[in-house]
$ cat work23.txt   # compact mmCIF, C-alpha atoms and all ligand atoms
# COMPACT_ATOMS: atom_id res chain seq x y z
CA MET A 1 -1.52 -8.12 13.28
CA SER A 2 -2.94 -10.64 10.83
CA GLU A 3 -3.04 -10.80 7.06
CA PRO A 4 -5.59 -8.26 5.74
CA VAL A 5 -9.00 -9.89 5.28
CA THR A 6 -10.27 -10.60 1.76
CA PRO A 7 -12.91 -7.95 1.08
CA SER A 8 -16.43 -8.75 0.01
CA PRO A 9 -16.94 -8.46 -3.74
CA GLU A 10 -20.52 -7.20 -3.26
CA GLY A 11 -21.22 -3.48 -3.37
CA VAL A 12 -19.16 -0.56 -2.16
CA ASP A 13 -19.89 0.99 1.22
CA PRO A 14 -20.33 4.75 0.70
CA GLU A 15 -18.52 5.24 4.02
CA SER A 16 -15.53 3.15 2.89
CA TYR A 17 -12.15 4.72 2.35
CA TYR A 18 -12.50 3.63 -1.26
CA ALA A 19 -15.61 5.80 -1.68
CA LEU A 20 -14.23 8.67 0.42
CA LEU A 21 -11.10 8.77 -1.73
CA GLY A 22 -13.19 9.12 -4.89
CA GLY A 23 -13.50 5.51 -6.00
CA ASP A 24 -11.32 3.90 -8.62
CA ALA A 25 -9.70 7.12 -9.92
CA GLY A 26 -8.95 8.28 -6.37
CA VAL A 27 -7.28 5.01 -5.38
CA ARG A 28 -5.27 5.00 -8.60
CA ALA A 29 -4.15 8.60 -7.94
CA LEU A 30 -3.20 7.76 -4.34
CA THR A 31 -1.09 4.83 -5.54
CA GLU A 32 0.63 6.88 -8.22
CA ARG A 33 1.44 9.65 -5.75
CA PHE A 34 2.74 7.07 -3.27
CA TYR A 35 5.27 5.85 -5.84
CA VAL A 36 6.23 9.40 -6.86
CA HIS A 37 7.16 10.01 -3.23
CA MET A 38 9.03 6.71 -3.03
CA ASP A 39 10.92 7.70 -6.15
CA THR A 40 11.98 11.08 -4.72
CA LEU A 41 12.16 10.99 -0.91
CA PRO A 42 15.77 10.59 0.24
CA GLU A 43 14.74 8.40 3.19
CA ALA A 44 12.93 6.08 0.77
CA ALA A 45 16.01 5.43 -1.40
CA THR A 46 16.65 2.01 0.17
CA ILE A 47 13.13 0.73 -0.45
CA ARG A 48 13.03 2.34 -3.91
CA ALA A 49 16.11 0.31 -4.78
CA MET A 50 14.23 -2.91 -3.92
CA HIS A 51 11.74 -2.14 -6.70
CA PRO A 52 12.22 -2.57 -10.45
CA LYS A 53 13.48 0.41 -12.45
CA ASN A 54 10.10 0.70 -14.17
CA LEU A 55 7.53 1.26 -11.43
CA THR A 56 4.41 0.82 -13.61
CA PRO A 57 3.88 -2.87 -12.72
CA SER A 58 4.39 -2.02 -9.02
CA VAL A 59 1.80 0.76 -9.28
CA ASP A 60 -0.65 -1.64 -10.94
CA LYS A 61 -0.26 -4.30 -8.23
CA LEU A 62 -0.53 -1.91 -5.29
CA TYR A 63 -3.51 -0.11 -6.87
CA GLU A 64 -5.32 -3.42 -7.37
CA PHE A 65 -4.54 -4.42 -3.79
CA LEU A 66 -5.61 -1.09 -2.31
CA SER A 67 -8.88 -1.12 -4.26
CA GLY A 68 -10.00 -4.14 -2.23
CA PHE A 69 -8.16 -3.25 0.97
CA LEU A 70 -9.94 0.12 1.12
CA GLY A 71 -13.39 -1.37 0.56
CA GLY A 72 -13.77 -1.30 -3.21
CA PRO A 73 -13.63 -4.05 -5.84
CA PRO A 74 -11.07 -6.70 -4.82
CA LEU A 75 -9.14 -6.40 -8.08
CA TYR A 76 -5.94 -8.01 -6.85
CA TRP A 77 -7.81 -11.04 -5.49
CA GLN A 78 -9.79 -11.35 -8.75
CA ARG A 79 -6.81 -10.97 -11.07
CA ARG A 80 -3.92 -12.50 -9.13
CA GLY A 81 -5.37 -14.54 -6.25
CA HIS A 82 -4.67 -14.16 -2.54
CA PRO A 83 -1.97 -11.50 -2.02
CA ARG A 84 -0.01 -13.39 0.70
CA LEU A 85 1.67 -10.10 1.44
CA ARG A 86 4.10 -11.23 4.13
CA MET A 87 5.32 -14.13 2.03
CA ARG A 88 5.69 -11.93 -1.06
CA HIS A 89 7.85 -9.47 0.88
CA MET A 90 10.23 -12.15 2.17
CA PRO A 91 12.72 -11.65 -0.70
CA PHE A 92 13.20 -8.06 0.52
CA ALA A 93 14.93 -7.04 3.75
CA VAL A 94 12.10 -5.16 5.46
CA ASP A 95 13.38 -3.69 8.71
CA ARG A 96 12.00 -0.90 10.91
CA ASP A 97 13.49 1.83 8.73
CA ALA A 98 11.99 0.27 5.59
CA ALA A 99 8.55 0.11 7.22
CA ARG A 100 8.90 3.74 8.34
CA ALA A 101 9.97 4.86 4.87
CA TRP A 102 7.02 3.05 3.25
CA THR A 103 4.63 4.66 5.73
CA ALA A 104 6.20 8.10 5.17
CA CYS A 105 5.54 7.86 1.41
CA MET A 106 1.95 6.83 2.07
CA ARG A 107 1.51 9.65 4.61
CA LEU A 108 2.57 12.20 1.98
CA ALA A 109 0.25 10.66 -0.62
CA LEU A 110 -2.66 10.69 1.85
CA ALA A 111 -1.97 14.34 2.68
CA GLU A 112 -2.80 15.15 -0.95
CA THR A 113 -6.27 13.57 -0.73
CA GLU A 114 -9.58 15.07 0.37
CA LEU A 115 -9.90 12.77 3.40
CA SER A 116 -10.81 14.50 6.65
CA PRO A 117 -7.92 14.83 9.12
CA LEU A 118 -9.47 12.16 11.38
CA LYS A 119 -10.00 9.62 8.58
CA ARG A 120 -6.55 10.35 7.25
CA THR A 121 -4.92 9.75 10.63
CA LEU A 122 -6.83 6.50 11.11
CA LEU A 123 -5.84 5.25 7.67
CA GLU A 124 -2.21 6.26 8.21
CA GLN A 125 -2.22 4.21 11.42
CA ARG A 126 -3.68 1.22 9.62
CA PHE A 127 -0.99 1.42 6.91
CA ALA A 128 1.70 1.75 9.57
CA GLN A 129 0.40 -1.47 11.18
CA VAL A 130 0.43 -3.36 7.89
CA ALA A 131 3.93 -2.05 7.10
CA ASP A 132 5.06 -3.20 10.54
CA PHE A 133 3.54 -6.62 9.90
CA MET A 134 5.73 -6.88 6.79
CA ARG A 135 8.96 -6.58 8.81
CA ASN A 136 11.14 -9.66 8.46
CA GLN A 137 14.48 -8.40 9.89
CA PRO A 138 15.67 -8.05 13.49
CA ASP A 139 16.37 -4.41 14.44
C1 LIG B 1 7.10 -2.23 4.94
C2 LIG B 1 7.77 -1.77 3.89
C3 LIG B 1 7.53 -2.31 2.49
C4 LIG B 1 8.50 -2.52 1.57
C5 LIG B 1 9.98 -2.25 1.73
C6 LIG B 1 7.85 -3.05 0.40
C7 LIG B 1 8.49 -3.42 -0.77
C8 LIG B 1 7.92 -4.06 -1.84
C9 LIG B 1 8.61 -4.51 -3.01
C10 LIG B 1 10.10 -4.32 -3.28
C11 LIG B 1 7.71 -5.09 -3.81
C12 LIG B 1 7.94 -5.73 -5.20
C13 LIG B 1 7.55 -4.73 -6.25
C14 LIG B 1 7.11 -5.35 -7.54
O1 LIG B 1 6.98 -6.59 -7.64
O2 LIG B 1 6.85 -4.59 -8.47
C15 LIG B 1 6.42 -5.03 -3.14
C16 LIG B 1 5.25 -5.52 -3.65
C17 LIG B 1 4.03 -5.31 -3.09
N1 LIG B 1 3.75 -4.65 -1.93
FE1 LIG B 1 5.14 -3.91 -0.66
N2 LIG B 1 6.51 -3.14 0.62
C18 LIG B 1 6.26 -2.69 1.90
C19 LIG B 1 5.03 -2.57 2.50
C20 LIG B 1 3.83 -2.85 1.88
C21 LIG B 1 2.53 -2.58 2.46
C22 LIG B 1 2.32 -1.93 3.84
C23 LIG B 1 1.61 -2.99 1.56
C24 LIG B 1 0.12 -2.95 1.64
C25 LIG B 1 -0.56 -2.05 2.34
C26 LIG B 1 2.32 -3.51 0.42
C27 LIG B 1 1.73 -4.03 -0.71
C28 LIG B 1 2.40 -4.61 -1.75
C29 LIG B 1 1.76 -5.31 -2.86
C30 LIG B 1 0.25 -5.53 -3.05
C31 LIG B 1 2.78 -5.76 -3.70
C32 LIG B 1 2.64 -6.59 -4.97
C33 LIG B 1 2.80 -8.05 -4.60
C34 LIG B 1 2.95 -8.95 -5.81
O3 LIG B 1 1.97 -9.22 -6.50
O4 LIG B 1 4.07 -9.40 -6.07
N3 LIG B 1 3.67 -3.40 0.64
N4 LIG B 1 6.59 -4.38 -1.95
$ encode --input "work23.txt" --output "structure tokens"
Amino acid sequence: MSEPVTPSPEGVDPESYYALLGGDAGVRALTERFYVHMDTLPEAATIRAMHPKNLTPSVDKLYEFLSGFLGGPPLYWQRRGHPRLRMRHMPFAVDRDAARAWTACMRLALAETELSPLKRTLLEQRFAQVADFMRNQPD
């Protein structure tokens, strides 16, 4: 599993997850729902506690990242530079349970979208891989 590739700034593929989710508003909604689940799911309490009390800046950063990651405008790259995700997660103890909790929040958020079951499953798997890649603790 390698660092996610920097997306092309040109054009948006109509078959991209970004487009299928409804573009900018859809990706924003997905990100907001993800953090609502993190804020409420009991099994996400440990990873919620790693985040600041006010989640708005976290929502902004993840939304910008996901915009590019899902095939839309690479907002994070444009505004903040290369995400260096693994390095940026080093201050947090990301173990298997943390990766599972993150993926569970995203699974719930994806279940509220209009994605087809197949696309949803494929995207869930991709997120699970990236979450796994973020692990920095022995289990
Ligand atoms: C594996 C479990 C994960 C945990 C416990 C975790 C936790 C965190 C925490 C505590 C922050 C700092 C929040 C803030 O600065 O507001 C953060 C930032 C971030 N995370 Fe995660 N994360 C995980 C997985 C992921 C995954 C899978 C992605 C991408 C698909 C991701 C994308 C980001 C981004 C883009 C940021 C903002 C980075 C920055 O600019 O500082 N995270 N994460």
$ residues_near_point --input "work23.txt" --point "(-6.0, 13.7, -2.0)" --cutoff "10 Å" --atoms "only C-alpha atoms" --output "number ranges by chain"
A: 20-22, 26-27, 29-30, 33, 108-116, 120
$ axis_aligned_box --input "work23.txt" --around "ligand LIG 1 (chain B)" --padding-each-side "4 Å" --output "lines of an AutoDock Vina configuration file"
center_x = 4.8
center_y = -5.6
center_z = -1.8
size_x = 18.7
size_y = 15.6
size_z = 21.4
$ residues_near_ligand --input "work23.txt" --ligand "ligand LIG 1 (chain B)" --cutoff "6 Å" --atoms "all atoms listed in the file" --output "ChimeraX atom specification"
/A:47,50-51,57-58,61-62,65,88-89,94,98-99,102,127,130-131,134
$ atom_distance --input "work23.txt" --atom1 "atom CA of A:His82" --atom2 "atom CA of A:Tyr63"
14.7 Å
$ atom_distance --input "work23.txt" --atom1 "atom CA of A:Tyr17" --atom2 "atom CA of A:Gly71"
6.5 Å
$ atom_distance --input "work23.txt" --atom1 "atom CA of A:Lys53" --atom2 "atom CA of A:Thr103"
20.7 Å
$ residues_around --input "work23.txt" --residues "A:Tyr76" --least-positions-apart "3" --cutoff "12 Å" --atoms "all atoms listed in the file" --output "MDAnalysis selection string"
chainID A and resid 6:7 9 59:69 72:73 79:85
$ closest_residue --input "work23.txt" --among "A:Arg100, A:Arg107, A:Lys119, A:Arg86" --to "A:Asn136" --atoms "only C-alpha atoms"
A:Arg86
$ closest_residue --input "work23.txt" --among "A:Gly11, A:Glu43, A:Cys105, A:Met87" --to "A:Thr31" --atoms "all atoms listed in the file"
A:Cys105
$ residues_around --input "work23.txt" --residues "A:Arg96" --least-positions-apart "5" --cutoff "8 Å" --atoms "all atoms listed in the file" --output "list in words"
Asp132, Arg135, Gln137 and Asp139 of chain A
